[in-house]
$ cat query14.pdb   # PDB, C-alpha atoms
MODEL        1
ATOM      1  CA  ARG W  30     170.401 159.307  33.627
ATOM      2  CA  LYS W  31     166.805 160.508  34.189
ATOM      3  CA  HIS W  32     167.687 163.908  32.820
ATOM      4  CA  ALA W  33     169.257 162.348  29.722
ATOM      5  CA  LEU W  34     166.151 160.229  29.143
ATOM      6  CA  ASN W  35     163.780 163.162  29.549
ATOM      7  CA  CYS W  36     165.844 165.278  27.127
ATOM      8  CA  HIS W  37     166.260 162.525  24.523
ATOM      9  CA  ARG W  38     164.844 163.330  21.120
ATOM     10  CA  MET W  39     163.169 159.902  20.851
ATOM     11  CA  LYS W  40     161.240 160.232  24.107
ATOM     12  CA  PRO W  41     157.933 161.378  22.497
ATOM     13  CA  ALA W  42     158.004 158.375  20.189
ATOM     14  CA  LEU W  43     158.689 156.021  23.082
ATOM     15  CA  PHE W  44     155.876 157.583  25.091
ATOM     16  CA  SER W  45     153.478 157.150  22.170
ATOM     17  CA  VAL W  46     154.338 153.459  21.830
ATOM     18  CA  LEU W  47     153.843 152.904  25.528
ATOM     19  CA  CYS W  48     150.422 154.572  25.371
ATOM     20  CA  GLU W  49     149.331 152.198  22.610
ATOM     21  CA  ILE W  50     150.476 149.171  24.571
ATOM     22  CA  LYS W  51     148.703 150.422  27.640
ATOM     23  CA  GLU W  52     145.436 150.966  25.809
ATOM     24  CA  LYS W  53     145.401 147.309  24.800
ATOM     25  CA  THR W  54     146.245 146.181  28.325
ATOM     26  CA  VAL W  55     143.716 148.419  30.103
ATOM     27  CA  LEU W  56     140.835 147.035  28.042
ATOM     28  CA  SER W  57     141.452 143.567  29.495
ATOM     29  CA  ILE W  58     141.600 144.673  33.163
ATOM     30  CA  ARG W  59     138.961 147.401  33.137
ATOM     31  CA  GLY W  60     136.216 145.062  34.394
ATOM     32  CA  ILE W  61     138.165 144.253  37.587
ATOM     33  CA  GLN W  62     138.114 147.825  38.901
ATOM     34  CA  GLU W  63     135.395 147.241  41.490
ATOM     35  CA  GLU W  64     135.699 148.262  45.093
ATOM     36  CA  ASP W  65     135.520 145.539  47.701
ATOM     37  CA  PRO W  66     132.694 145.784  50.278
ATOM     38  CA  PRO W  67     133.710 146.727  53.841
ATOM     39  CA  ASP W  68     134.982 143.823  55.905
ATOM     40  CA  ALA W  69     132.300 142.664  58.377
ATOM     41  CA  GLN W  70     134.864 141.220  60.803
ATOM     42  CA  LEU W  71     136.787 144.487  60.891
ATOM     43  CA  MET W  72     133.557 146.351  61.643
ATOM     44  CA  ARG W  73     132.792 144.011  64.548
ATOM     45  CA  LEU W  74     136.266 144.543  65.990
ATOM     46  CA  ASP W  75     135.884 148.312  65.670
ATOM     47  CA  ASN W  76     132.519 148.232  67.452
ATOM     48  CA  MET W  77     133.904 146.186  70.343
ATOM     49  CA  LEU W  78     136.951 148.409  70.791
ATOM     50  CA  LEU W  79     134.762 151.501  70.688
ATOM     51  CA  ALA W  80     132.312 150.051  73.235
ATOM     52  CA  GLU W  81     135.141 149.238  75.654
ATOM     53  CA  GLY W  82     136.711 152.679  75.316
ATOM     54  CA  VAL W  83     139.905 151.308  73.753
ATOM     55  CA  SER W  84     139.415 153.159  70.484
ATOM     56  CA  GLY W  85     137.962 156.622  70.148
ATOM     57  CA  PRO W  86     138.224 159.324  72.830
ATOM     58  CA  GLU W  87     139.242 158.142  76.286
ATOM     59  CA  LYS W  88     136.355 157.930  78.748
ATOM     60  CA  ARG W  89     137.357 159.383  82.091
ATOM     61  CA  GLY W  90     136.000 157.576  85.148
ATOM     62  CA  ARG W  91     134.707 154.693  83.069
ATOM     63  CA  GLY W  92     136.149 151.497  81.753
ATOM     64  CA  GLY W  93     133.380 150.417  79.424
ATOM     65  CA  PRO W  94     130.400 148.166  80.207
ATOM     66  CA  MET W  95     132.664 145.249  81.069
ATOM     67  CA  ALA W  96     134.306 147.288  83.796
ATOM     68  CA  VAL W  97     130.920 148.009  85.355
ATOM     69  CA  ALA W  98     129.841 144.385  85.095
ATOM     70  CA  ALA W  99     133.163 143.056  86.312
ATOM     71  CA  THR W 100     132.984 145.068  89.515
ATOM     72  CA  SER W 101     129.282 144.852  90.337
ATOM     73  CA  GLY W 102     128.213 143.149  93.549
ATOM     74  CA  GLY W 103     130.160 142.660  96.744
ATOM     75  CA  CYS W 104     131.180 145.301  99.235
ATOM     76  CA  PRO W 105     131.953 148.850  98.090
ATOM     77  CA  ASN W 106     135.606 148.657  99.145
ATOM     78  CA  ASP W 107     136.173 145.588  97.000
ATOM     79  CA  ASN W 108     134.368 147.313  94.130
ATOM     80  CA  SER W 109     136.567 150.413  94.224
ATOM     81  CA  ILE W 110     139.779 148.367  94.406
ATOM     82  CA  GLU W 111     138.816 145.990  91.616
ATOM     83  CA  HIS W 112     137.346 148.763  89.477
ATOM     84  CA  SER W 113     140.549 150.806  89.697
ATOM     85  CA  ASP W 114     142.640 147.709  88.939
ATOM     86  CA  TYR W 115     140.458 146.895  85.934
ATOM     87  CA  ARG W 116     140.680 150.462  84.615
ATOM     88  CA  ALA W 117     144.465 150.503  85.074
ATOM     89  CA  LYS W 118     144.923 147.310  83.058
ATOM     90  CA  LEU W 119     142.442 148.497  80.429
ATOM     91  CA  SER W 120     144.369 151.761  80.185
ATOM     92  CA  GLN W 121     147.566 149.783  79.530
ATOM     93  CA  ILE W 122     145.826 147.893  76.728
ATOM     94  CA  ARG W 123     144.585 151.194  75.319
ATOM     95  CA  GLN W 124     148.076 152.728  75.379
ATOM     96  CA  ILE W 125     149.651 149.726  73.657
ATOM     97  CA  TYR W 126     146.882 149.669  71.045
ATOM     98  CA  HIS W 127     147.227 153.362  70.200
ATOM     99  CA  SER W 128     151.021 153.116  70.131
ATOM    100  CA  GLU W 129     150.945 150.190  67.692
ATOM    101  CA  LEU W 130     148.179 151.826  65.663
ATOM    102  CA  GLU W 131     150.267 154.979  65.346
ATOM    103  CA  LYS W 132     153.233 152.941  64.098
ATOM    104  CA  TYR W 133     150.966 151.157  61.624
ATOM    105  CA  GLU W 134     149.496 154.397  60.277
ATOM    106  CA  GLN W 135     152.943 155.960  59.993
ATOM    107  CA  ALA W 136     154.338 152.971  58.087
ATOM    108  CA  CYS W 137     151.305 152.876  55.801
ATOM    109  CA  SER W 138     151.535 156.612  55.124
ATOM    110  CA  GLU W 139     155.280 156.499  54.417
ATOM    111  CA  PHE W 140     154.959 153.566  52.043
ATOM    112  CA  THR W 141     151.979 155.117  50.251
ATOM    113  CA  THR W 142     153.807 158.423  49.824
ATOM    114  CA  HIS W 143     156.849 156.601  48.477
ATOM    115  CA  VAL W 144     154.780 154.693  45.896
ATOM    116  CA  MET W 145     152.877 157.823  44.817
ATOM    117  CA  ASN W 146     156.121 159.765  44.309
ATOM    118  CA  LEU W 147     157.546 156.856  42.372
ATOM    119  CA  LEU W 148     154.498 156.650  40.103
ATOM    120  CA  ARG W 149     154.487 160.389  39.499
ATOM    121  CA  GLU W 150     158.142 160.204  38.573
ATOM    122  CA  GLN W 151     157.499 157.321  36.213
ATOM    123  CA  SER W 152     154.525 159.130  34.682
ATOM    124  CA  ARG W 153     157.036 161.393  32.968
ATOM    125  CA  THR W 154     158.335 158.395  31.075
ATOM    126  CA  ARG W 155     155.314 156.078  30.757
ATOM    127  CA  PRO W 156     151.595 156.903  30.787
ATOM    128  CA  ILE W 157     150.147 156.787  34.336
ATOM    129  CA  SER W 158     146.821 158.472  35.024
ATOM    130  CA  PRO W 159     145.737 159.891  38.424
ATOM    131  CA  LYS W 160     143.054 157.196  38.677
ATOM    132  CA  GLU W 161     145.704 154.534  38.358
ATOM    133  CA  ILE W 162     147.687 156.122  41.135
ATOM    134  CA  GLU W 163     144.539 156.185  43.282
ATOM    135  CA  ARG W 164     143.885 152.524  42.532
ATOM    136  CA  MET W 165     147.414 151.615  43.562
ATOM    137  CA  VAL W 166     146.966 153.516  46.828
ATOM    138  CA  ASN W 167     143.804 151.503  47.539
ATOM    139  CA  ILE W 168     145.685 148.275  46.877
ATOM    140  CA  ILE W 169     148.389 149.319  49.347
ATOM    141  CA  HIS W 170     145.793 150.172  51.981
ATOM    142  CA  GLY W 171     144.139 146.788  51.411
ATOM    143  CA  LYS W 172     147.443 145.029  52.061
ATOM    144  CA  PHE W 173     148.029 147.066  55.203
ATOM    145  CA  SER W 174     144.475 146.410  56.454
ATOM    146  CA  THR W 175     145.517 142.823  57.182
ATOM    147  CA  ILE W 176     148.059 144.147  59.679
ATOM    148  CA  GLN W 177     145.431 146.461  61.138
ATOM    149  CA  MET W 178     142.990 143.575  61.586
ATOM    150  CA  GLN W 179     145.628 141.500  63.371
ATOM    151  CA  LEU W 180     146.326 144.405  65.725
ATOM    152  CA  LYS W 181     142.637 144.926  66.518
ATOM    153  CA  GLN W 182     142.024 141.215  66.940
ATOM    154  CA  SER W 183     144.922 140.886  69.388
ATOM    155  CA  THR W 184     143.622 143.893  71.338
ATOM    156  CA  CYS W 185     140.114 142.420  71.519
ATOM    157  CA  GLU W 186     141.556 139.135  72.777
ATOM    158  CA  ALA W 187     143.446 141.018  75.496
ATOM    159  CA  VAL W 188     140.217 142.755  76.545
ATOM    160  CA  MET W 189     138.367 139.424  76.645
ATOM    161  CA  ILE W 190     141.091 137.886  78.815
ATOM    162  CA  LEU W 191     140.890 140.862  81.145
ATOM    163  CA  ARG W 192     137.139 140.484  81.258
ATOM    164  CA  SER W 193     137.332 136.785  82.123
ATOM    165  CA  ARG W 194     139.748 137.482  84.976
ATOM    166  CA  PHE W 195     137.524 140.092  86.587
ATOM    167  CA  LEU W 196     133.947 139.354  85.530
ATOM    168  CA  ASP W 197     133.965 135.549  85.526
ATOM    169  CA  ALA W 198     136.045 135.312  88.705
ATOM    170  CA  ARG W 199     133.700 137.805  90.369
ATOM    171  CA  ARG W 200     130.682 135.697  89.446
ATOM    172  CA  LYS W 201     132.269 132.568  90.875
ATOM    173  CA  ARG W 202     133.078 134.364  94.125
ATOM    174  CA  ARG W 203     129.607 135.748  94.719
ATOM    175  CA  ASN W 204     127.612 132.737  93.545
ATOM    176  CA  PHE W 205     127.520 131.171  97.015
ATOM    177  CA  SER W 206     124.176 129.711  97.964
ATOM    178  CA  LYS W 207     122.354 130.881 101.069
ATOM    179  CA  GLN W 208     123.100 127.564 102.765
ATOM    180  CA  ALA W 209     126.836 127.882 102.096
ATOM    181  CA  THR W 210     126.901 131.432 103.462
ATOM    182  CA  GLU W 211     125.015 130.355 106.594
ATOM    183  CA  VAL W 212     127.407 127.454 107.199
ATOM    184  CA  LEU W 213     130.509 129.619 106.781
ATOM    185  CA  ASN W 214     129.190 132.492 108.911
ATOM    186  CA  GLU W 215     128.067 130.125 111.660
ATOM    187  CA  TYR W 216     131.537 128.585 111.882
ATOM    188  CA  PHE W 217     133.257 131.966 111.713
ATOM    189  CA  TYR W 218     131.295 133.526 114.579
ATOM    190  CA  SER W 219     131.395 130.389 116.718
ATOM    191  CA  HIS W 220     135.218 130.421 116.457
ATOM    192  CA  LEU W 221     135.669 134.167 116.570
ATOM    193  CA  SER W 222     138.636 134.007 118.952
ATOM    194  CA  ASN W 223     140.501 131.855 116.395
ATOM    195  CA  PRO W 224     138.738 131.980 112.989
ATOM    196  CA  TYR W 225     141.291 129.784 111.240
ATOM    197  CA  PRO W 226     139.670 126.437 110.351
ATOM    198  CA  SER W 227     141.870 123.390 109.967
ATOM    199  CA  GLU W 228     142.078 121.473 106.718
ATOM    200  CA  GLU W 229     139.622 118.898 108.066
ATOM    201  CA  ALA W 230     137.208 121.663 109.059
ATOM    202  CA  LYS W 231     137.547 123.269 105.622
ATOM    203  CA  GLU W 232     136.712 119.986 103.934
ATOM    204  CA  GLU W 233     133.680 119.553 106.182
ATOM    205  CA  LEU W 234     132.488 123.113 105.531
ATOM    206  CA  ALA W 235     132.998 122.691 101.793
ATOM    207  CA  LYS W 236     130.964 119.492 101.881
ATOM    208  CA  LYS W 237     128.137 121.128 103.843
ATOM    209  CA  GLY W 238     128.027 124.236 101.667
ATOM    210  CA  GLY W 239     128.490 122.504  98.327
ATOM    211  CA  ILE W 240     131.616 124.535  97.464
ATOM    212  CA  THR W 241     135.319 123.819  97.052
ATOM    213  CA  VAL W 242     137.985 123.877  99.751
ATOM    214  CA  SER W 243     139.746 126.689  97.883
ATOM    215  CA  GLN W 244     136.573 128.781  97.998
ATOM    216  CA  VAL W 245     136.294 128.142 101.737
ATOM    217  CA  SER W 246     139.887 129.320 102.275
ATOM    218  CA  ASN W 247     139.338 132.452 100.177
ATOM    219  CA  TRP W 248     136.082 133.226 101.963
ATOM    220  CA  PHE W 249     137.666 133.017 105.428
ATOM    221  CA  GLY W 250     140.619 135.148 104.319
ATOM    222  CA  ASN W 251     138.343 137.881 102.982
ATOM    223  CA  LYS W 252     135.989 137.608 105.973
ATOM    224  CA  ARG W 253     138.808 138.084 108.479
ATOM    225  CA  ILE W 254     140.038 141.185 106.635
ATOM    226  CA  ARG W 255     136.576 142.727 106.402
ATOM    227  CA  TYR W 256     135.805 141.928 110.042
ATOM    228  CA  LYS W 257     139.002 143.563 111.323
ATOM    229  CA  LYS W 258     138.419 146.664 109.207
ATOM    230  CA  ASN W 259     134.837 147.170 110.397
ATOM    231  CA  MET W 260     134.210 145.299 113.634
ATOM    232  CA  GLY W 261     131.298 147.539 114.612
ATOM    233  CA  LYS W 262     129.391 146.722 111.451
ATOM    234  CA  PHE W 263     129.814 142.961 111.850
ATOM    235  CA  GLN W 264     129.083 142.967 115.597
ATOM    236  CA  GLU W 265     125.348 142.935 114.939
ATOM    237  CA  GLU W 266     125.755 139.968 112.620
ATOM    238  CA  ALA W 267     127.890 138.248 115.257
ATOM    239  CA  ASN W 268     125.172 138.772 117.878
ATOM    240  CA  ILE W 269     122.537 137.278 115.590
ATOM    241  CA  TYR W 270     124.549 134.108 114.985
ATOM    242  CA  ALA W 271     125.482 133.880 118.675
ATOM    243  CA  ALA W 272     121.818 134.161 119.671
ATOM    244  CA  LYS W 273     120.911 131.475 117.168
ATOM    245  CA  THR W 274     123.598 129.203 118.596
ATOM    246  CA  ALA W 275     122.373 129.845 122.138
ATOM    247  CA  VAL W 276     118.765 129.036 121.241
ATOM    248  CA  ASP W 277     119.801 125.839 119.450
ATOM    249  CA  ALA W 278     121.884 124.728 122.439
ATOM    250  CA  THR W 279     119.032 125.532 124.851
ATOM    251  CA  ASN W 280     116.547 123.549 122.784
ATOM    252  CA  ALA W 281     118.941 120.602 122.666
ATOM    253  CA  ALA W 282     119.378 120.698 126.455
ATOM    254  CA  ALA W 283     115.629 120.956 127.024
ATOM    255  CA  GLN W 284     114.946 117.996 124.746
ATOM    256  CA  GLY W 285     117.563 115.964 126.591
ATOM    257  CA  ASN W 286     115.944 116.779 129.939
ATOM    258  CA  ARG W 287     112.497 115.819 128.641
ATOM    259  CA  ALA W 288     113.896 112.497 127.450
ATOM    260  CA  ASN W 289     115.077 111.740 131.022
ATOM    261  CA  SER W 290     111.827 112.938 132.695
ATOM    262  CA  PRO W 291     108.778 110.688 133.446
ATOM    263  CA  PRO W 292     106.137 110.841 130.733
ATOM    264  CA  THR W 293     103.410 113.410 131.306
ATOM    265  CA  PRO W 294      99.787 112.891 130.281
ATOM    266  CA  ASN W 295     100.249 115.233 127.341
ATOM    267  CA  SER W 296     103.355 113.479 126.032
ATOM    268  CA  ALA W 297     101.929 110.024 126.645
ATOM    269  CA  SER W 298      98.718 110.697 124.762
ATOM    270  CA  SER W 299     100.346 112.266 121.725
ATOM    271  CA  GLY W 300     102.904 110.956 119.308
ATOM    272  CA  SER W 301     104.546 114.354 118.784
ATOM    273  CA  PHE W 302     106.603 116.555 121.086
ATOM    274  CA  LYS W 303     104.750 119.537 122.564
ATOM    275  CA  MET W 304     106.417 122.507 124.183
ATOM    276  CA  ASN W 305     104.912 123.200 127.608
ATOM    277  CA  SER W 306     105.149 126.431 129.524
ATOM    278  CA  GLY W 307     108.262 125.269 131.328
ATOM    279  CA  ASP W 308     110.105 124.760 128.049
ATOM    280  CA  SER W 309     108.991 128.178 126.901
ATOM    281  CA  PHE W 310     110.341 129.641 130.121
ATOM    282  CA  LEU W 311     113.680 127.931 129.557
ATOM    283  CA  ASN W 312     114.001 129.241 126.016
ATOM    284  CA  LEU W 313     112.930 132.782 126.872
ATOM    285  CA  GLN W 314     115.010 132.927 130.041
ATOM    286  CA  SER W 315     118.247 131.875 128.315
ATOM    287  CA  LEU W 316     117.598 134.049 125.280
ATOM    288  CA  THR W 317     116.724 137.066 127.425
ATOM    289  CA  SER W 318     119.770 136.622 129.607
ATOM    290  CA  PHE W 319     121.919 136.462 126.469
ATOM    291  CA  GLN W 320     120.385 139.510 124.766
ATOM    292  CA  SER W 321     120.376 141.679 127.886
ATOM    293  CA  SER W 322     124.166 141.945 127.954
ATOM    294  CA  PRO W 323     126.305 142.741 124.861
ATOM    295  CA  VAL W 324     128.655 139.999 123.797
ATOM    296  CA  GLY W 325     132.269 140.898 123.148
ATOM    297  CA  ALA W 326     133.928 140.187 119.855
ATOM    298  CA  ASN W 327     136.451 137.652 121.177
ATOM    299  CA  VAL W 328     134.751 136.079 124.230
ATOM    300  CA  GLN W 329     131.107 136.004 123.245
ATOM    301  CA  MET W 330     130.984 132.264 122.540
ATOM    302  CA  ASP W 331     132.854 131.438 125.749
ATOM    303  CA  SER W 332     130.258 133.402 127.723
ATOM    304  CA  LEU W 333     127.431 131.608 125.951
ATOM    305  CA  HIS W 334     128.887 128.191 126.694
ATOM    306  CA  HIS W 335     129.238 129.264 130.314
ATOM    307  CA  VAL W 336     125.588 130.304 130.477
ATOM    308  CA  ILE W 337     124.329 127.194 128.723
ATOM    309  CA  HIS W 338     126.461 124.631 130.584
ATOM    310  CA  GLN W 339     126.333 126.265 134.024
ATOM    311  CA  PRO W 340     126.060 123.455 136.644
ATOM    312  CA  GLY W 341     122.657 123.040 138.174
ATOM    313  CA  ARG W 342     120.877 125.313 135.731
ATOM    314  CA  TYR W 343     118.612 122.708 134.174
ATOM    315  CA  GLU W 344     119.219 119.574 136.242
ATOM    316  CA  ALA W 345     117.090 120.793 139.151
ATOM    317  CA  ILE W 346     114.123 121.335 136.897
ATOM    318  CA  GLY W 347     114.519 118.391 134.543
ATOM    319  CA  GLY W 348     115.380 115.892 137.245
ATOM    320  CA  ASN W 349     112.484 116.740 139.599
ATOM    321  CA  PRO W 350     109.541 114.419 138.906
ATOM    322  CA  LEU W 351     107.196 116.891 140.613
ATOM    323  CA  TYR W 352     108.042 119.658 138.148
ATOM    324  CA  THR W 353     104.938 121.426 136.857
ATOM    325  CA  THR W 354     104.156 124.815 135.369
ATOM    326  CA  GLN W 355     103.276 126.120 138.881
ATOM    327  CA  ARG W 356     106.991 126.269 139.690
ATOM    328  CA  LEU W 357     107.278 129.314 137.441
ATOM    329  CA  ASP W 358     105.671 131.346 140.233
TER     330      ASP W 358
ENDMDL
END
$ encode --input "query14.pdb" --output "structure tokens"
Amino acid sequence: RKHALNCHRMKPALFSVLCEIKEKTVLSIRGIQEEDPPDAQLMRLDNMLLAEGVSGPEKRGRGGPMAVAATSGGCPNDNSIEHSDYRAKLSQIRQIYHSELEKYEQACSEFTTHVMNLLREQSRTRPISPKEIERMVNIIHGKFSTIQMQLKQSTCEAVMILRSRFLDARRKRRNFSKQATEVLNEYFYSHLSNPYPSEEAKEELAKKGGITVSQVSNWFGNKRIRYKKNMGKFQEEANIYAAKTAVDATNAAAQGNRANSPPTPNSASSGSFKMNSGDSFLNLQSLTSFQSSPVGANVQMDSLHHVIHQPGRYEAIGGNPLYTTQRLD
């Protein structure tokens, strides 16, 4: 049928009539042939995907600035684990994006080629200029750009969700105040033989530290794992908290003994408590006896309680009304 039309003797006349009709039509649509400016939203999506390493060449050993921010802070082991997990999930997003983008480009190319071949074929029958073919190609690309924008927007949303899971959760975990950390560490090292607080203890610790019960549970779980992996590193921290506990207990015992002792001239003449040389001796003696021998990881608090509550350690001094600083000799 095409061959018969092309060989028909009236084809030149038909072509001439079509050219006249087209000239009249083109005059009315010539002013609309302006190119649209680049889409600002599409440019923003491209910049974000490029910054995160999703589009463009793959960045080895990096996962974009969000990967660095999402894994900053904390111990190095946690960083390496979370960083590798973040990069693995970001790599999955990258693979899906490039796979879908390849399908999109292939579909766009196939459809454009089909339309161009069709227009070239029709140009043998009706007047179609190369500029008109180019304009039609631009229209097709504009229609397909909507699909491309949806793909890039979905990919950016996936990256933002990944960021919130790692970066925002990381911030919540490490935003403990100094008071909360002190409260949790003090409980952990004072119950080192069984560092599993009950639900009541968790609620009390959460109330003291100004955090949630869930955060307390997560903190103790992570602390137990880190302590078992590196007991030598945390032994020094355990000794510090044990020494602090021993000093606090000694001070409490000394204050209780002073409350049961007859008033001395110094205490009677002053409204405030003053530490005499005997109290200093008690504090230094108990602290020195604690620091002179290393405390084991599992029995350190038991040993401290034994030292502090040993029978007859303080009663003989506190209960003797003749106690003076000369007894130090």
$ residues_near_point --input "query14.pdb" --point "(139.8, 129.6, 104.1)" --cutoff "10 Å" --atoms "all atoms listed in the file" --output "list in words"
Leu213, Pro224, Tyr225, Pro226, Ser227, Glu228, Ala230, Lys231, Leu234, Ala235, Val242, Ser243, Gln244, Val245, Ser246, Asn247, Trp248, Phe249, Gly250, Asn251, Lys252 and Arg253 of chain W
$ atom_distance --input "query14.pdb" --atom1 "CA of Tyr218 in chain W" --atom2 "CA of Glu265 in chain W"
11.1 Å
$ closest_residue --input "query14.pdb" --among "W:Thr184, W:Thr279, W:Asn268, W:Gln121" --to "Leu79 in chain W" --atoms "all atoms listed in the file"
W:Thr184
$ residues_around --input "query14.pdb" --residues "range 124-139 of chain W" --least-positions-apart "4" --cutoff "8 Å" --atoms "only C-alpha atoms" --output "ChimeraX atom specification"
/W:83-84,120,143,169-170,173,176-177,180-181,184
$ axis_aligned_box --input "query14.pdb" --around "range 179-192 of chain W" --padding-each-side "4 Å" --output "lines of an AutoDock Vina configuration file"
center_x = 141.7
center_y = 141.4
center_z = 72.3
size_x = 17.2
size_y = 15.0
size_z = 25.9
$ atom_distance --input "query14.pdb" --atom1 "CA of Val212 in chain W" --atom2 "CA of Glu232 in chain W"
12.4 Å
$ atom_distance --input "query14.pdb" --atom1 "CA of Phe195 in chain W" --atom2 "CA of Ser183 in chain W"
18.7 Å
$ resolve_selection --input "query14.pdb" --expression "the PyMOL selection byres ((chain W and resi 119) around 12)" --output "ChimeraX atom specification"
/W:78,81-84,87-88,91-93,95-96,112-118,120-126,184-185,187-192,195
$ write_last_selection --input "query14.pdb" --atoms "C-alpha atoms" --output "PDB file, keeping the file's coordinate frame"
ATOM      1  CA  LEU W  78     136.951 148.409  70.791  1.00  0.00           C
ATOM      2  CA  GLU W  81     135.141 149.238  75.654  1.00  0.00           C
ATOM      3  CA  GLY W  82     136.711 152.679  75.316  1.00  0.00           C
ATOM      4  CA  VAL W  83     139.905 151.308  73.753  1.00  0.00           C
ATOM      5  CA  SER W  84     139.415 153.159  70.484  1.00  0.00           C
ATOM      6  CA  GLU W  87     139.242 158.142  76.286  1.00  0.00           C
ATOM      7  CA  LYS W  88     136.355 157.930  78.748  1.00  0.00           C
ATOM      8  CA  ARG W  91     134.707 154.693  83.069  1.00  0.00           C
ATOM      9  CA  GLY W  92     136.149 151.497  81.753  1.00  0.00           C
ATOM     10  CA  GLY W  93     133.380 150.417  79.424  1.00  0.00           C
ATOM     11  CA  MET W  95     132.664 145.249  81.069  1.00  0.00           C
ATOM     12  CA  ALA W  96     134.306 147.288  83.796  1.00  0.00           C
ATOM     13  CA  HIS W 112     137.346 148.763  89.477  1.00  0.00           C
ATOM     14  CA  SER W 113     140.549 150.806  89.697  1.00  0.00           C
ATOM     15  CA  ASP W 114     142.640 147.709  88.939  1.00  0.00           C
ATOM     16  CA  TYR W 115     140.458 146.895  85.934  1.00  0.00           C
ATOM     17  CA  ARG W 116     140.680 150.462  84.615  1.00  0.00           C
ATOM     18  CA  ALA W 117     144.465 150.503  85.074  1.00  0.00           C
ATOM     19  CA  LYS W 118     144.923 147.310  83.058  1.00  0.00           C
ATOM     20  CA  SER W 120     144.369 151.761  80.185  1.00  0.00           C
ATOM     21  CA  GLN W 121     147.566 149.783  79.530  1.00  0.00           C
ATOM     22  CA  ILE W 122     145.826 147.893  76.728  1.00  0.00           C
ATOM     23  CA  ARG W 123     144.585 151.194  75.319  1.00  0.00           C
ATOM     24  CA  GLN W 124     148.076 152.728  75.379  1.00  0.00           C
ATOM     25  CA  ILE W 125     149.651 149.726  73.657  1.00  0.00           C
ATOM     26  CA  TYR W 126     146.882 149.669  71.045  1.00  0.00           C
ATOM     27  CA  THR W 184     143.622 143.893  71.338  1.00  0.00           C
ATOM     28  CA  CYS W 185     140.114 142.420  71.519  1.00  0.00           C
ATOM     29  CA  ALA W 187     143.446 141.018  75.496  1.00  0.00           C
ATOM     30  CA  VAL W 188     140.217 142.755  76.545  1.00  0.00           C
ATOM     31  CA  MET W 189     138.367 139.424  76.645  1.00  0.00           C
ATOM     32  CA  ILE W 190     141.091 137.886  78.815  1.00  0.00           C
ATOM     33  CA  LEU W 191     140.890 140.862  81.145  1.00  0.00           C
ATOM     34  CA  ARG W 192     137.139 140.484  81.258  1.00  0.00           C
ATOM     35  CA  PHE W 195     137.524 140.092  86.587  1.00  0.00           C
TER      36      PHE W 195
END
